[in-house]
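Raw protein.txt, compact mmCIF, C-alpha atoms:
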# COMPACT_ATOMS: atom_id res chain seq x y z
CA MET A 1 21.12 5.09 -13.99
CA GLU A 2 19.16 7.79 -12.17
CA PHE A 3 17.56 6.69 -8.87
CA PRO A 4 14.68 8.41 -7.06
CA ASP A 5 15.31 10.21 -3.77
CA PHE A 6 15.30 7.46 -1.14
CA TYR A 7 16.04 9.83 1.74
CA ARG A 8 12.75 11.74 1.78
CA ARG A 9 9.54 10.16 3.06
CA PHE A 10 11.19 6.90 4.12
CA HIS A 11 11.54 5.46 7.61
CA CYS A 12 14.95 4.24 6.58
CA SER A 13 16.84 3.62 3.37
CA PHE A 14 19.85 1.63 2.23
CA LYS A 15 22.13 1.56 -0.76
CA VAL A 16 24.70 -0.91 -2.00
CA ILE A 17 27.58 0.61 -3.96
CA THR A 18 30.58 -0.69 -5.84
CA ASN A 19 33.79 -1.04 -3.93
CA ASP A 20 35.85 1.15 -6.24
CA LEU A 21 36.61 4.85 -6.63
CA ASP A 22 33.38 5.48 -8.56
CA ASN A 23 31.05 4.28 -5.76
CA ARG A 24 28.38 3.44 -8.33
CA ILE A 25 25.00 2.44 -6.92
CA ILE A 26 24.12 -1.20 -7.46
CA ALA A 27 20.77 -1.09 -5.63
CA VAL A 28 18.76 1.15 -3.30
CA GLY A 29 15.78 0.36 -1.13
CA GLY A 30 14.03 1.20 2.06
CA ILE A 31 10.89 1.20 4.15
CA ARG A 32 8.31 3.75 3.11
CA PRO A 33 5.35 4.51 5.36
CA LEU A 34 2.16 3.23 3.76
CA ALA A 35 -1.45 4.08 4.55
CA GLU A 36 -3.58 0.96 4.39
CA ALA A 37 -7.33 1.26 4.84
CA VAL A 38 -8.84 -1.57 6.86
CA VAL A 39 -12.64 -1.55 6.79
CA LEU A 40 -15.06 -4.32 7.69
CA THR A 41 -18.81 -4.18 7.14
CA ASN A 42 -21.52 -6.13 8.92
CA LYS A 43 -23.38 -8.22 6.32
CA ASP A 44 -26.42 -8.35 8.61
CA PHE A 45 -27.23 -4.87 7.29
CA SER A 46 -28.51 -3.97 3.84
CA VAL A 47 -26.12 -3.14 1.03
CA ARG A 48 -27.48 0.42 1.09
CA ASP A 49 -26.69 0.85 4.82
CA ARG A 50 -23.24 -0.70 4.44
CA MET A 51 -22.44 1.53 1.44
CA GLN A 52 -23.47 4.65 3.36
CA ALA A 53 -21.29 3.55 6.29
CA LEU A 54 -18.41 2.78 3.90
CA LEU A 55 -18.62 6.29 2.43
CA GLN A 56 -18.57 7.82 5.92
CA ILE A 57 -15.59 5.70 6.97
CA PHE A 58 -13.62 6.61 3.85
CA ASN A 59 -14.35 10.31 4.30
CA GLY A 60 -12.64 10.02 7.67
CA VAL A 61 -9.83 7.84 6.33
CA LYS A 62 -9.08 10.29 3.48
CA TYR A 63 -9.17 13.28 5.84
CA ALA A 64 -6.80 11.63 8.33
CA ALA A 65 -4.42 10.38 5.62
CA GLU A 66 -4.17 13.87 4.11
CA LYS A 67 -3.51 15.41 7.54
CA LEU A 68 -0.79 12.81 8.11
CA ASP A 69 0.75 13.81 4.76
CA TYR A 70 0.15 10.52 2.95
CA GLU A 71 -0.09 10.71 -0.82
CA GLN A 72 -1.98 7.43 -1.31
CA ILE A 73 -4.25 5.03 0.53
CA HIS A 74 -4.07 1.32 -0.24
CA ALA A 75 -6.83 -1.22 0.23
CA PHE A 76 -6.78 -4.97 -0.26
CA ALA A 77 -10.17 -6.33 -1.25
CA TYR A 78 -11.25 -9.81 -2.25
CA ASP A 79 -14.96 -9.42 -2.98
CA GLU A 80 -15.69 -8.29 -6.56
CA GLU A 81 -18.71 -6.20 -5.57
CA TYR A 82 -16.72 -4.49 -2.83
CA ILE A 83 -13.95 -3.73 -5.34
CA LYS A 84 -16.53 -2.15 -7.68
CA HIS A 85 -17.79 0.05 -4.84
CA LEU A 86 -14.25 1.13 -3.92
CA ILE A 87 -13.61 2.12 -7.54
CA ASN A 88 -16.96 3.68 -8.44
CA ARG A 89 -17.99 5.28 -5.15
CA ILE A 90 -14.72 6.03 -3.36
CA GLY A 91 -12.36 6.69 -6.29
CA PHE A 92 -9.82 3.89 -5.92
CA LYS A 93 -7.97 2.83 -9.05
CA TYR A 94 -7.58 -0.86 -9.82
CA ILE A 95 -4.37 -1.75 -11.63
CA PRO A 96 -4.52 -5.46 -12.52
CA GLU A 97 -0.88 -5.74 -13.51
CA ASN A 98 0.29 -4.63 -10.05
CA LYS A 99 1.46 -7.57 -8.03
CA VAL A 100 1.10 -7.38 -4.27
CA LEU A 101 3.59 -9.43 -2.28
CA SER A 102 3.44 -9.86 1.47
CA LEU A 103 6.36 -10.91 3.67
CA ASP A 104 5.26 -12.27 7.03
CA LEU A 105 8.01 -11.32 9.47
CA LYS A 106 6.59 -13.41 12.32
CA HIS A 107 5.80 -16.64 10.46
CA GLY A 108 6.78 -18.22 7.19
CA GLN A 109 10.51 -17.42 7.24
CA GLU A 110 11.35 -21.08 7.83
CA LYS A 111 10.81 -22.05 4.18
CA ARG A 112 12.97 -19.41 2.52
CA SER A 113 14.71 -20.10 -0.73
CA SER A 114 18.48 -19.82 -0.73
CA SER A 115 18.52 -17.89 -4.03
CA ALA A 116 17.89 -14.15 -4.11
CA THR A 117 17.06 -11.71 -6.87
Written as structure tokens, how would this file's structure read?
Amino acid sequence: MEFPDFYRRFHCSFKVITNDLDNRIIAVGGIRPLAEAVVLTNKDFSVRDRMQALLQIFNGVKYAAEKLDYEQIHAFAYDEEYIKHLINRIGFKYIPENKVLSLDLKHGQEKRSSSAT
């Protein structure tokens, strides 16, 4: 099996190999830097004002992310109207089959399952 390059653009990477002369890769993984946009709007203002502010914020976010050599920006949104604005006005793509999982390193480790995949 061909694996992608896990040495470029990663904070760190790991591989597990067989313990024989072939040293075949069983698994690879690592920590990749990720640009996450965090934007809050004040609902005391009109939708028009908030949308204008959102566009200005994302112009800055996109500029900074490009300068920092990120290839993508991720956003987590829960409001359907906000999602529509991110898609139609900013250019985000919504991929429903993507599953987002979050591992809380500070809390929540107490109830871990003993089986791993």
What gap, in Å, lies between atom CA of His74 of chain A and atom CA of Leu34 of chain A?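 According to the coordinates, atom CA of His74 of chain A and atom CA of Leu34 of chain A are separated by 7.6 Å.
In this model, the gap between atom CA of Phe92 of chain A and atom CA of Phe10 of chain A comes to 23.5 Å.
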Hey, which of A:Asp22, A:Val28, A:Met51, A:Gly60 ends up closest to Lys84 of chain A? Count only C-alpha atoms. A:Met51
For atom CA of Asn88 of chain A and atom CA of Tyr63 of chain A, the interatomic separation in Å (one decimal):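 A separation of 18.9 Å between them.
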My list of candidates is A:Glu71, A:Phe76, A:Tyr82, A:Val61. Which is closest to Ser102 of chain A when distances are computed with all atoms listed in the file?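 The shortest atom-to-atom distance to Ser102 of chain A comes from A:Phe76.
The point (10.3, 5.6, 5.0) has these residues within 12 Å of it when only C-alpha atoms are used: A:Asp5, A:Phe6, A:Tyr7, A:Arg8, A:Arg9, A:Phe10, A:His11, A:Cys12, A:Ser13, A:Phe14, A:Gly29, A:Gly30, A:Ile31, A:Arg32, A:Pro33, A:Leu34, A:Ala35, A:Tyr70.
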Write a file of the just-selected residues containing C-alpha atoms, as a PDB file, in the coordinates of the input.
ATOM      1  CA  ASP A   5      15.310  10.210  -3.770  1.00  0.00           C
ATOM      2  CA  PHE A   6      15.300   7.460  -1.140  1.00  0.00           C
ATOM      3  CA  TYR A   7      16.040   9.830   1.740  1.00  0.00           C
ATOM      4  CA  ARG A   8      12.750  11.740   1.780  1.00  0.00           C
ATOM      5  CA  ARG A   9       9.540  10.160   3.060  1.00  0.00           C
ATOM      6  CA  PHE A  10      11.190   6.900   4.120  1.00  0.00           C
ATOM      7  CA  HIS A  11      11.540   5.460   7.610  1.00  0.00           C
ATOM      8  CA  CYS A  12      14.950   4.240   6.580  1.00  0.00           C
ATOM      9  CA  SER A  13      16.840   3.620   3.370  1.00  0.00           C
ATOM     10  CA  PHE A  14      19.850   1.630   2.230  1.00  0.00           C
ATOM     11  CA  GLY A  29      15.780   0.360  -1.130  1.00  0.00           C
ATOM     12  CA  GLY A  30      14.030   1.200   2.060  1.00  0.00           C
ATOM     13  CA  ILE A  31      10.890   1.200   4.150  1.00  0.00           C
ATOM     14  CA  ARG A  32       8.310   3.750   3.110  1.00  0.00           C
ATOM     15  CA  PRO A  33       5.350   4.510   5.360  1.00  0.00           C
ATOM     16  CA  LEU A  34       2.160   3.230   3.760  1.00  0.00           C
ATOM     17  CA  ALA A  35      -1.450   4.080   4.550  1.00  0.00           C
ATOM     18  CA  TYR A  70       0.150  10.520   2.950  1.00  0.00           C
TER      19      TYR A  70
END
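With distances restricted to only C-alpha atoms, A:Leu55 is the closest residue to Arg89 of chain A from A:Leu103, A:Leu55, A:Leu68, A:Ala77.
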Restricting the calculation to only C-alpha atoms, which member of A:Ile95, A:Leu40, A:Ile83, A:Ile90 is positioned closest to Lys62 of chain A?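 The closest residue to Lys62 of chain A is A:Ile90.
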Between A:Ile73, A:Lys106, A:Glu2, A:Asp79, single out the one closest to Gly91 of chain A, counting all atoms listed in the file.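 Distance minimum relative to Gly91 of chain A lands on A:Ile73.
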Is it possible to add N, CA and C atoms to segment 90-102 of chain A and hand it back as a short mmCIF file (atom, residue, chain, number, x, y, z; two decimals), keeping the file's coordinate frame?
data_model
loop_
_atom_site.label_atom_id
_atom_site.label_comp_id
_atom_site.auth_asym_id
_atom_site.auth_seq_id
_atom_site.Cartn_x
_atom_site.Cartn_y
_atom_site.Cartn_z
N ILE A 90 -15.76 5.42 -4.19
CA ILE A 90 -14.72 6.03 -3.36
C ILE A 90 -13.65 6.69 -4.23
N GLY A 91 -13.36 6.11 -5.41
CA GLY A 91 -12.36 6.69 -6.29
C GLY A 91 -11.05 5.92 -6.37
N PHE A 92 -11.02 4.70 -5.80
CA PHE A 92 -9.82 3.89 -5.92
C PHE A 92 -9.58 3.53 -7.38
N LYS A 93 -8.34 3.30 -7.71
CA LYS A 93 -7.97 2.83 -9.05
C LYS A 93 -7.49 1.39 -8.91
N TYR A 94 -7.98 0.54 -9.81
CA TYR A 94 -7.58 -0.86 -9.82
C TYR A 94 -6.60 -1.06 -10.96
N ILE A 95 -5.41 -1.54 -10.63
CA ILE A 95 -4.37 -1.75 -11.63
C ILE A 95 -4.05 -3.25 -11.62
N PRO A 96 -4.66 -4.00 -12.56
CA PRO A 96 -4.52 -5.46 -12.52
C PRO A 96 -3.09 -5.96 -12.64
N GLU A 97 -2.24 -5.23 -13.34
CA GLU A 97 -0.88 -5.74 -13.51
C GLU A 97 0.00 -5.53 -12.28
N ASN A 98 -0.47 -4.76 -11.30
CA ASN A 98 0.29 -4.63 -10.05
C ASN A 98 0.25 -5.95 -9.30
N LYS A 99 1.37 -6.34 -8.82
CA LYS A 99 1.46 -7.57 -8.03
C LYS A 99 1.72 -7.17 -6.59
N VAL A 100 0.92 -7.67 -5.68
CA VAL A 100 1.10 -7.38 -4.27
C VAL A 100 1.75 -8.60 -3.63
N LEU A 101 2.87 -8.38 -3.00
CA LEU A 101 3.59 -9.43 -2.28
C LEU A 101 3.60 -9.08 -0.80
N SER A 102 3.46 -10.08 0.04
CA SER A 102 3.44 -9.86 1.47
C SER A 102 4.49 -10.74 2.11
#
